[in-house]
Every structure is written in structure tokens, then in C-alpha cells.
file run-v9.txt (compact mmCIF, N, CA and C atoms)
# COMPACT_ATOMS: atom_id res chain seq x y z
N MET A 1 130.31 70.01 112.42
CA MET A 1 128.86 69.89 112.47
C MET A 1 128.32 70.05 113.90
N PRO A 2 128.99 69.48 114.93
CA PRO A 2 128.43 69.65 116.28
C PRO A 2 128.35 71.10 116.73
N ALA A 3 129.32 71.93 116.31
CA ALA A 3 129.27 73.33 116.73
C ALA A 3 128.09 74.05 116.10
N SER A 4 127.83 73.77 114.84
CA SER A 4 126.70 74.44 114.19
C SER A 4 125.37 73.93 114.75
N ALA A 5 125.30 72.63 115.06
CA ALA A 5 124.07 72.10 115.66
C ALA A 5 123.84 72.71 117.04
N THR A 6 124.91 72.91 117.79
CA THR A 6 124.80 73.51 119.11
C THR A 6 124.30 74.95 119.00
N MET A 7 124.88 75.70 118.07
CA MET A 7 124.46 77.09 117.89
C MET A 7 123.01 77.19 117.41
N ILE A 8 122.64 76.34 116.47
CA ILE A 8 121.26 76.35 115.98
C ILE A 8 120.29 76.00 117.10
N GLY A 9 120.64 74.98 117.90
CA GLY A 9 119.79 74.60 119.02
C GLY A 9 119.68 75.69 120.06
N ALA A 10 120.79 76.36 120.35
CA ALA A 10 120.77 77.45 121.33
C ALA A 10 119.90 78.60 120.83
N LEU A 11 120.03 78.93 119.56
CA LEU A 11 119.19 79.99 118.99
C LEU A 11 117.71 79.59 118.97
N LEU A 12 117.46 78.31 118.72
CA LEU A 12 116.07 77.83 118.75
C LEU A 12 115.49 77.96 120.15
N GLY A 13 116.26 77.58 121.17
CA GLY A 13 115.79 77.70 122.55
C GLY A 13 115.58 79.15 122.96
N LEU A 14 116.52 80.02 122.58
CA LEU A 14 116.39 81.43 122.90
C LEU A 14 115.17 82.03 122.19
N GLY A 15 115.01 81.71 120.93
CA GLY A 15 113.87 82.22 120.17
C GLY A 15 112.54 81.75 120.72
N THR A 16 112.50 80.49 121.15
CA THR A 16 111.27 79.95 121.74
C THR A 16 110.90 80.70 123.01
N GLN A 17 111.89 80.96 123.86
CA GLN A 17 111.62 81.66 125.11
C GLN A 17 111.19 83.10 124.85
N MET A 18 111.86 83.75 123.93
CA MET A 18 111.50 85.14 123.63
C MET A 18 110.10 85.21 123.00
N TYR A 19 109.79 84.24 122.14
CA TYR A 19 108.47 84.19 121.52
C TYR A 19 107.39 83.94 122.58
N SER A 20 107.70 83.07 123.53
CA SER A 20 106.76 82.79 124.61
C SER A 20 106.48 84.05 125.42
N ASN A 21 107.52 84.82 125.73
CA ASN A 21 107.33 86.06 126.47
C ASN A 21 106.57 87.09 125.64
N ALA A 22 106.83 87.13 124.34
CA ALA A 22 106.14 88.10 123.48
C ALA A 22 104.65 87.78 123.38
N LEU A 23 104.32 86.49 123.30
CA LEU A 23 102.90 86.11 123.23
C LEU A 23 102.15 86.51 124.50
N ARG A 24 102.83 86.43 125.63
CA ARG A 24 102.20 86.78 126.89
C ARG A 24 102.33 88.27 127.22
N LYS A 25 102.91 89.04 126.27
CA LYS A 25 103.11 90.49 126.41
C LYS A 25 103.90 90.82 127.66
N LEU A 26 104.96 90.05 127.87
CA LEU A 26 105.90 90.29 128.96
C LEU A 26 107.18 90.87 128.37
N PRO A 27 108.01 91.47 129.19
CA PRO A 27 109.32 91.92 128.67
C PRO A 27 110.11 90.72 128.13
N TYR A 28 110.83 90.93 127.04
CA TYR A 28 111.55 89.83 126.40
C TYR A 28 112.50 89.12 127.34
N MET A 29 113.24 89.87 128.13
CA MET A 29 114.24 89.28 129.02
C MET A 29 113.76 89.31 130.47
N ARG A 30 112.55 88.86 130.72
CA ARG A 30 111.95 88.93 132.05
C ARG A 30 112.74 88.14 133.07
N HIS A 31 112.98 86.88 132.81
CA HIS A 31 113.80 86.02 133.67
C HIS A 31 114.95 85.49 132.82
N PRO A 32 116.11 86.09 132.94
CA PRO A 32 117.23 85.66 132.08
C PRO A 32 117.62 84.19 132.25
N TRP A 33 117.41 83.63 133.42
CA TRP A 33 117.76 82.23 133.62
C TRP A 33 116.89 81.31 132.76
N GLU A 34 115.67 81.73 132.44
CA GLU A 34 114.83 80.93 131.56
C GLU A 34 115.41 80.89 130.15
N HIS A 35 116.03 82.00 129.73
CA HIS A 35 116.65 82.02 128.41
C HIS A 35 117.86 81.11 128.37
N VAL A 36 118.65 81.10 129.44
CA VAL A 36 119.81 80.22 129.50
C VAL A 36 119.37 78.76 129.50
N LEU A 37 118.32 78.46 130.26
CA LEU A 37 117.78 77.11 130.28
C LEU A 37 117.26 76.70 128.91
N GLY A 38 116.54 77.60 128.24
CA GLY A 38 116.02 77.32 126.90
C GLY A 38 117.14 77.09 125.90
N MET A 39 118.20 77.89 126.01
CA MET A 39 119.35 77.71 125.11
C MET A 39 120.03 76.37 125.36
N GLY A 40 120.15 75.99 126.61
CA GLY A 40 120.78 74.70 126.94
C GLY A 40 119.95 73.53 126.43
N LEU A 41 118.65 73.60 126.66
CA LEU A 41 117.78 72.52 126.19
C LEU A 41 117.74 72.45 124.67
N GLY A 42 117.74 73.60 124.03
CA GLY A 42 117.76 73.63 122.56
C GLY A 42 119.05 73.04 122.01
N ALA A 43 120.17 73.34 122.64
CA ALA A 43 121.46 72.80 122.19
C ALA A 43 121.50 71.28 122.37
N VAL A 44 121.01 70.79 123.50
CA VAL A 44 120.97 69.35 123.74
C VAL A 44 120.06 68.68 122.72
N PHE A 45 118.91 69.27 122.46
CA PHE A 45 117.96 68.71 121.50
C PHE A 45 118.58 68.62 120.11
N ALA A 46 119.24 69.69 119.66
CA ALA A 46 119.82 69.69 118.31
C ALA A 46 120.95 68.67 118.21
N ASN A 47 121.78 68.56 119.24
CA ASN A 47 122.87 67.58 119.20
C ASN A 47 122.34 66.15 119.19
N GLN A 48 121.32 65.88 119.98
CA GLN A 48 120.73 64.55 119.98
C GLN A 48 120.07 64.24 118.64
N LEU A 49 119.50 65.24 118.01
CA LEU A 49 118.89 65.05 116.69
C LEU A 49 119.94 64.68 115.65
N VAL A 50 121.11 65.32 115.72
CA VAL A 50 122.20 64.99 114.80
C VAL A 50 122.69 63.57 115.04
N LYS A 51 122.86 63.18 116.31
CA LYS A 51 123.30 61.82 116.63
C LYS A 51 122.28 60.79 116.16
N TRP A 52 121.01 61.08 116.37
CA TRP A 52 119.95 60.16 115.97
C TRP A 52 119.92 60.00 114.45
N ASP A 53 120.13 61.09 113.72
CA ASP A 53 120.14 61.03 112.27
C ASP A 53 121.31 60.19 111.76
N ALA A 54 122.48 60.34 112.38
CA ALA A 54 123.64 59.55 111.97
C ALA A 54 123.41 58.06 112.24
N LYS A 55 122.84 57.74 113.40
CA LYS A 55 122.55 56.34 113.74
C LYS A 55 121.50 55.77 112.81
N LEU A 56 120.50 56.56 112.48
CA LEU A 56 119.45 56.11 111.57
C LEU A 56 120.03 55.82 110.18
N GLN A 57 120.92 56.67 109.70
CA GLN A 57 121.55 56.45 108.40
C GLN A 57 122.40 55.18 108.41
N GLU A 58 123.12 54.95 109.51
CA GLU A 58 123.94 53.74 109.64
C GLU A 58 123.07 52.49 109.64
N ASP A 59 121.98 52.52 110.39
CA ASP A 59 121.06 51.37 110.43
C ASP A 59 120.42 51.12 109.06
N LEU A 60 120.07 52.18 108.36
CA LEU A 60 119.48 52.04 107.04
C LEU A 60 120.47 51.42 106.07
N ASP A 61 121.73 51.84 106.13
CA ASP A 61 122.75 51.26 105.25
C ASP A 61 122.93 49.77 105.52
N LYS A 62 122.91 49.37 106.80
CA LYS A 62 123.01 47.95 107.15
C LYS A 62 121.83 47.16 106.60
N MET A 63 120.64 47.71 106.74
CA MET A 63 119.45 47.01 106.25
C MET A 63 119.47 46.89 104.73
N LEU A 64 119.91 47.93 104.04
CA LEU A 64 119.98 47.86 102.59
C LEU A 64 121.03 46.86 102.12
N ASP A 65 122.15 46.77 102.83
CA ASP A 65 123.17 45.78 102.49
C ASP A 65 122.64 44.36 102.69
N LYS A 66 121.92 44.15 103.78
CA LYS A 66 121.33 42.83 104.02
C LYS A 66 120.31 42.48 102.95
N ALA A 67 119.47 43.42 102.57
CA ALA A 67 118.47 43.17 101.54
C ALA A 67 119.13 42.89 100.19
N LYS A 68 120.19 43.62 99.88
CA LYS A 68 120.90 43.40 98.62
C LYS A 68 121.52 42.01 98.59
N ALA A 69 122.15 41.62 99.71
CA ALA A 69 122.76 40.29 99.79
C ALA A 69 121.70 39.19 99.67
N ALA A 70 120.54 39.38 100.31
CA ALA A 70 119.46 38.39 100.23
C ALA A 70 118.93 38.29 98.80
N ASN A 71 118.78 39.40 98.14
CA ASN A 71 118.30 39.36 96.76
C ASN A 71 119.31 38.70 95.83
N GLU A 72 120.60 38.96 96.05
CA GLU A 72 121.62 38.31 95.22
C GLU A 72 121.64 36.81 95.44
N ARG A 73 121.48 36.38 96.70
CA ARG A 73 121.41 34.93 96.97
C ARG A 73 120.17 34.33 96.34
N ARG A 74 119.09 35.06 96.38
CA ARG A 74 117.82 34.53 95.87
C ARG A 74 117.84 34.38 94.36
N TYR A 75 118.34 35.39 93.66
CA TYR A 75 118.24 35.39 92.22
C TYR A 75 119.49 34.87 91.52
N PHE A 76 120.66 35.07 92.11
CA PHE A 76 121.88 34.67 91.44
C PHE A 76 122.50 33.44 92.06
N GLY A 77 122.02 33.02 93.21
CA GLY A 77 122.55 31.84 93.89
C GLY A 77 122.02 30.55 93.30
N ILE A 78 120.96 30.61 92.50
CA ILE A 78 120.34 29.42 91.91
C ILE A 78 121.17 28.90 90.76
N LEU A 79 121.80 29.77 90.04
CA LEU A 79 122.56 29.39 88.85
C LEU A 79 123.79 28.57 89.23
N PRO A 80 124.15 27.58 88.38
CA PRO A 80 125.32 26.75 88.69
C PRO A 80 126.61 27.49 88.52
call {"tool": "encode", "arguments": {"input": "run-v9.txt", "output": "C-alpha cells"}}
result
Amino acid sequence: MPASATMIGALLGLGTQMYSNALRKLPYMRHPWEHVLGMGLGAVFANQLVKWDAKLQEDLDKMLDKAKAANERRYFGILP
């Protein structure tokens, strides 16, 4: 998954830079270092997004387990 997120992020950064140049009617590869920078930032963004999603899913699972345990104590803990 990290390799695909990196590639998707790099393509997103490259596409954003090329789109920016196209909107301004500049040559697509006017400053190649800007494309490399955009690809790097896009890759970092996509990888951080994947990490954040995994952490969010883990936190949600913990919260659901706590809520389930609280509900079981509330409703089933009363019975002898």
C-alpha cells in the first residue's frame, strides 16, 4: 500500500504543477525542479493521509469497543 500511495501522490503533485502551468499558458515543463518538488510534496501528502486513515480506524475501533463494553455493563450487568 505505501508504494501505491507514494505513486498516486507523486502523480497528483506532477498533475497539479502541470495544470498550474497550463492555466497560466506557460510551457508544461517550464521549471523542472517545481515538478520534482510537487511530486515530493504529493507523495508525502498521500503517505500521511494513509497513516492518518489507519490511526483513525484504530481509534474508532477502540471507541466502539469501549461503547460496547459500557452498554453490556449497563444492560446485562444488572441481572443476577
call {"tool": "select_by_dssp", "arguments": {"input": "run-v9.txt", "residues": "region 12-79 of chain A", "states": "helix (DSSP H, G or I)", "output": "ChimeraX atom specification"}}
result
/A:12-23,32-76
call {"tool": "residues_around", "arguments": {"input": "run-v9.txt", "residues": "region 39-45 of chain A", "least_positions_apart": "6", "cutoff": "12 Å", "atoms": "only C-alpha atoms", "output": "mmCIF file with N, CA and C atoms, in the coordinates of the input"}}
result
data_model
loop_
_atom_site.group_PDB
_atom_site.id
_atom_site.type_symbol
_atom_site.label_atom_id
_atom_site.label_comp_id
_atom_site.auth_asym_id
_atom_site.auth_seq_id
_atom_site.Cartn_x
_atom_site.Cartn_y
_atom_site.Cartn_z
ATOM 1 N N PRO A 2 128.990 69.480 114.930
ATOM 2 C CA PRO A 2 128.430 69.650 116.280
ATOM 3 C C PRO A 2 128.350 71.100 116.730
ATOM 4 N N ALA A 3 129.320 71.930 116.310
ATOM 5 C CA ALA A 3 129.270 73.330 116.730
ATOM 6 C C ALA A 3 128.090 74.050 116.100
ATOM 7 N N SER A 4 127.830 73.770 114.840
ATOM 8 C CA SER A 4 126.700 74.440 114.190
ATOM 9 C C SER A 4 125.370 73.930 114.750
ATOM 10 N N ALA A 5 125.300 72.630 115.060
ATOM 11 C CA ALA A 5 124.070 72.100 115.660
ATOM 12 C C ALA A 5 123.840 72.710 117.040
ATOM 13 N N THR A 6 124.910 72.910 117.790
ATOM 14 C CA THR A 6 124.800 73.510 119.110
ATOM 15 C C THR A 6 124.300 74.950 119.000
ATOM 16 N N MET A 7 124.880 75.700 118.070
ATOM 17 C CA MET A 7 124.460 77.090 117.890
ATOM 18 C C MET A 7 123.010 77.190 117.410
ATOM 19 N N ILE A 8 122.640 76.340 116.470
ATOM 20 C CA ILE A 8 121.260 76.350 115.980
ATOM 21 C C ILE A 8 120.290 76.000 117.100
ATOM 22 N N GLY A 9 120.640 74.980 117.900
ATOM 23 C CA GLY A 9 119.790 74.600 119.020
ATOM 24 C C GLY A 9 119.680 75.690 120.060
ATOM 25 N N ALA A 10 120.790 76.360 120.350
ATOM 26 C CA ALA A 10 120.770 77.450 121.330
ATOM 27 C C ALA A 10 119.900 78.600 120.830
ATOM 28 N N LEU A 11 120.030 78.930 119.560
ATOM 29 C CA LEU A 11 119.190 79.990 118.990
ATOM 30 C C LEU A 11 117.710 79.590 118.970
ATOM 31 N N LEU A 12 117.460 78.310 118.720
ATOM 32 C CA LEU A 12 116.070 77.830 118.750
ATOM 33 C C LEU A 12 115.490 77.960 120.150
ATOM 34 N N GLY A 13 116.260 77.580 121.170
ATOM 35 C CA GLY A 13 115.790 77.700 122.550
ATOM 36 C C GLY A 13 115.580 79.150 122.960
ATOM 37 N N LEU A 14 116.520 80.020 122.580
ATOM 38 C CA LEU A 14 116.390 81.430 122.900
ATOM 39 C C LEU A 14 115.170 82.030 122.190
ATOM 40 N N GLY A 15 115.010 81.710 120.930
ATOM 41 C CA GLY A 15 113.870 82.220 120.170
ATOM 42 C C GLY A 15 112.540 81.750 120.720
ATOM 43 N N THR A 16 112.500 80.490 121.150
ATOM 44 C CA THR A 16 111.270 79.950 121.740
ATOM 45 C C THR A 16 110.900 80.700 123.010
ATOM 46 N N GLN A 17 111.890 80.960 123.860
ATOM 47 C CA GLN A 17 111.620 81.660 125.110
ATOM 48 C C GLN A 17 111.190 83.100 124.850
ATOM 49 N N MET A 18 111.860 83.750 123.930
ATOM 50 C CA MET A 18 111.500 85.140 123.630
ATOM 51 C C MET A 18 110.100 85.210 123.000
ATOM 52 N N PRO A 32 116.110 86.090 132.940
ATOM 53 C CA PRO A 32 117.230 85.660 132.080
ATOM 54 C C PRO A 32 117.620 84.190 132.250
ATOM 55 N N TRP A 33 117.410 83.630 133.420
ATOM 56 C CA TRP A 33 117.760 82.230 133.620
ATOM 57 C C TRP A 33 116.890 81.310 132.760
ATOM 58 N N LYS A 51 122.860 63.180 116.310
ATOM 59 C CA LYS A 51 123.300 61.820 116.630
ATOM 60 C C LYS A 51 122.280 60.790 116.160
ATOM 61 N N TRP A 52 121.010 61.080 116.370
ATOM 62 C CA TRP A 52 119.950 60.160 115.970
ATOM 63 C C TRP A 52 119.920 60.000 114.450
#
call {"tool": "atom_distance", "arguments": {"input": "run-v9.txt", "atom1": "CA of Ser20 (chain A)", "atom2": "CA of Gly38 (chain A)"}}
result
11.0 Å
call {"tool": "atom_distance", "arguments": {"input": "run-v9.txt", "atom1": "atom N of Ala67 (chain A)", "atom2": "atom C of Asn47 (chain A)"}}
result
28.3 Å
call {"tool": "build_atoms", "arguments": {"input": "run-v9.txt", "residues": "region 32-43 of chain A", "atoms": "all heavy atoms", "output": "mmCIF file, in the coordinates of the input"}}
result
data_model
loop_
_atom_site.group_PDB
_atom_site.id
_atom_site.type_symbol
_atom_site.label_atom_id
_atom_site.label_comp_id
_atom_site.auth_asym_id
_atom_site.auth_seq_id
_atom_site.Cartn_x
_atom_site.Cartn_y
_atom_site.Cartn_z
ATOM 1 N N PRO A 32 116.110 86.090 132.940
ATOM 2 C CA PRO A 32 117.230 85.660 132.080
ATOM 3 C C PRO A 32 117.620 84.190 132.250
ATOM 4 O O PRO A 32 118.076 83.570 131.301
ATOM 5 C CB PRO A 32 118.384 86.570 132.512
ATOM 6 C CG PRO A 32 117.748 87.734 133.169
ATOM 7 C CD PRO A 32 116.468 87.231 133.764
ATOM 8 N N TRP A 33 117.410 83.630 133.420
ATOM 9 C CA TRP A 33 117.760 82.230 133.620
ATOM 10 C C TRP A 33 116.890 81.310 132.760
ATOM 11 O O TRP A 33 117.329 80.224 132.371
ATOM 12 C CB TRP A 33 117.666 81.843 135.091
ATOM 13 C CG TRP A 33 116.313 82.011 135.686
ATOM 14 C CD1 TRP A 33 115.824 83.121 136.305
ATOM 15 C CD2 TRP A 33 115.261 81.055 135.701
ATOM 16 N NE1 TRP A 33 114.534 82.919 136.705
ATOM 17 C CE2 TRP A 33 114.164 81.641 136.341
ATOM 18 C CE3 TRP A 33 115.134 79.759 135.240
ATOM 19 C CZ2 TRP A 33 112.954 80.986 136.523
ATOM 20 C CZ3 TRP A 33 113.938 79.095 135.424
ATOM 21 C CH2 TRP A 33 112.865 79.704 136.066
ATOM 22 N N GLU A 34 115.670 81.730 132.440
ATOM 23 C CA GLU A 34 114.830 80.930 131.560
ATOM 24 C C GLU A 34 115.410 80.890 130.150
ATOM 25 O O GLU A 34 115.313 79.873 129.466
ATOM 26 C CB GLU A 34 113.415 81.493 131.515
ATOM 27 C CG GLU A 34 112.634 81.306 132.793
ATOM 28 C CD GLU A 34 111.251 81.932 132.730
ATOM 29 O OE1 GLU A 34 110.953 82.654 131.753
ATOM 30 O OE2 GLU A 34 110.470 81.694 133.664
ATOM 31 N N HIS A 35 116.030 82.000 129.730
ATOM 32 C CA HIS A 35 116.650 82.020 128.410
ATOM 33 C C HIS A 35 117.860 81.110 128.370
ATOM 34 O O HIS A 35 118.079 80.397 127.392
ATOM 35 C CB HIS A 35 117.040 83.461 128.052
ATOM 36 C CG HIS A 35 115.860 84.355 127.873
ATOM 37 N ND1 HIS A 35 115.155 84.853 128.938
ATOM 38 C CD2 HIS A 35 115.264 84.837 126.759
ATOM 39 C CE1 HIS A 35 114.164 85.598 128.496
ATOM 40 N NE2 HIS A 35 114.213 85.613 127.163
ATOM 41 N N VAL A 36 118.650 81.100 129.440
ATOM 42 C CA VAL A 36 119.810 80.220 129.500
ATOM 43 C C VAL A 36 119.370 78.760 129.500
ATOM 44 O O VAL A 36 119.939 77.927 128.800
ATOM 45 C CB VAL A 36 120.667 80.533 130.755
ATOM 46 C CG1 VAL A 36 121.771 79.511 130.941
ATOM 47 C CG2 VAL A 36 121.224 81.944 130.678
ATOM 48 N N LEU A 37 118.320 78.460 130.260
ATOM 49 C CA LEU A 37 117.780 77.110 130.280
ATOM 50 C C LEU A 37 117.260 76.700 128.910
ATOM 51 O O LEU A 37 117.512 75.591 128.434
ATOM 52 C CB LEU A 37 116.665 77.011 131.332
ATOM 53 C CG LEU A 37 116.029 75.644 131.532
ATOM 54 C CD1 LEU A 37 117.051 74.677 132.108
ATOM 55 C CD2 LEU A 37 114.823 75.760 132.442
ATOM 56 N N GLY A 38 116.540 77.600 128.240
ATOM 57 C CA GLY A 38 116.020 77.320 126.900
ATOM 58 C C GLY A 38 117.140 77.090 125.900
ATOM 59 O O GLY A 38 117.065 76.192 125.052
ATOM 60 N N MET A 39 118.200 77.890 126.010
ATOM 61 C CA MET A 39 119.350 77.710 125.110
ATOM 62 C C MET A 39 120.030 76.370 125.360
ATOM 63 O O MET A 39 120.412 75.676 124.415
ATOM 64 C CB MET A 39 120.333 78.855 125.288
ATOM 65 C CG MET A 39 119.817 80.175 124.769
ATOM 66 S SD MET A 39 120.871 81.572 125.173
ATOM 67 C CE MET A 39 122.273 81.242 124.147
ATOM 68 N N GLY A 40 120.150 75.990 126.610
ATOM 69 C CA GLY A 40 120.780 74.700 126.940
ATOM 70 C C GLY A 40 119.950 73.530 126.430
ATOM 71 O O GLY A 40 120.483 72.596 125.827
ATOM 72 N N LEU A 41 118.650 73.600 126.660
ATOM 73 C CA LEU A 41 117.780 72.520 126.190
ATOM 74 C C LEU A 41 117.740 72.450 124.670
ATOM 75 O O LEU A 41 117.721 71.368 124.081
ATOM 76 C CB LEU A 41 116.370 72.692 126.759
ATOM 77 C CG LEU A 41 116.228 72.443 128.251
ATOM 78 C CD1 LEU A 41 114.822 72.794 128.720
ATOM 79 C CD2 LEU A 41 116.570 71.013 128.597
ATOM 80 N N GLY A 42 117.740 73.600 124.030
ATOM 81 C CA GLY A 42 117.760 73.630 122.560
ATOM 82 C C GLY A 42 119.050 73.040 122.010
ATOM 83 O O GLY A 42 119.029 72.308 121.019
ATOM 84 N N ALA A 43 120.170 73.340 122.640
ATOM 85 C CA ALA A 43 121.460 72.800 122.190
ATOM 86 C C ALA A 43 121.500 71.280 122.370
ATOM 87 O O ALA A 43 121.949 70.557 121.470
ATOM 88 C CB ALA A 43 122.597 73.449 122.963
#
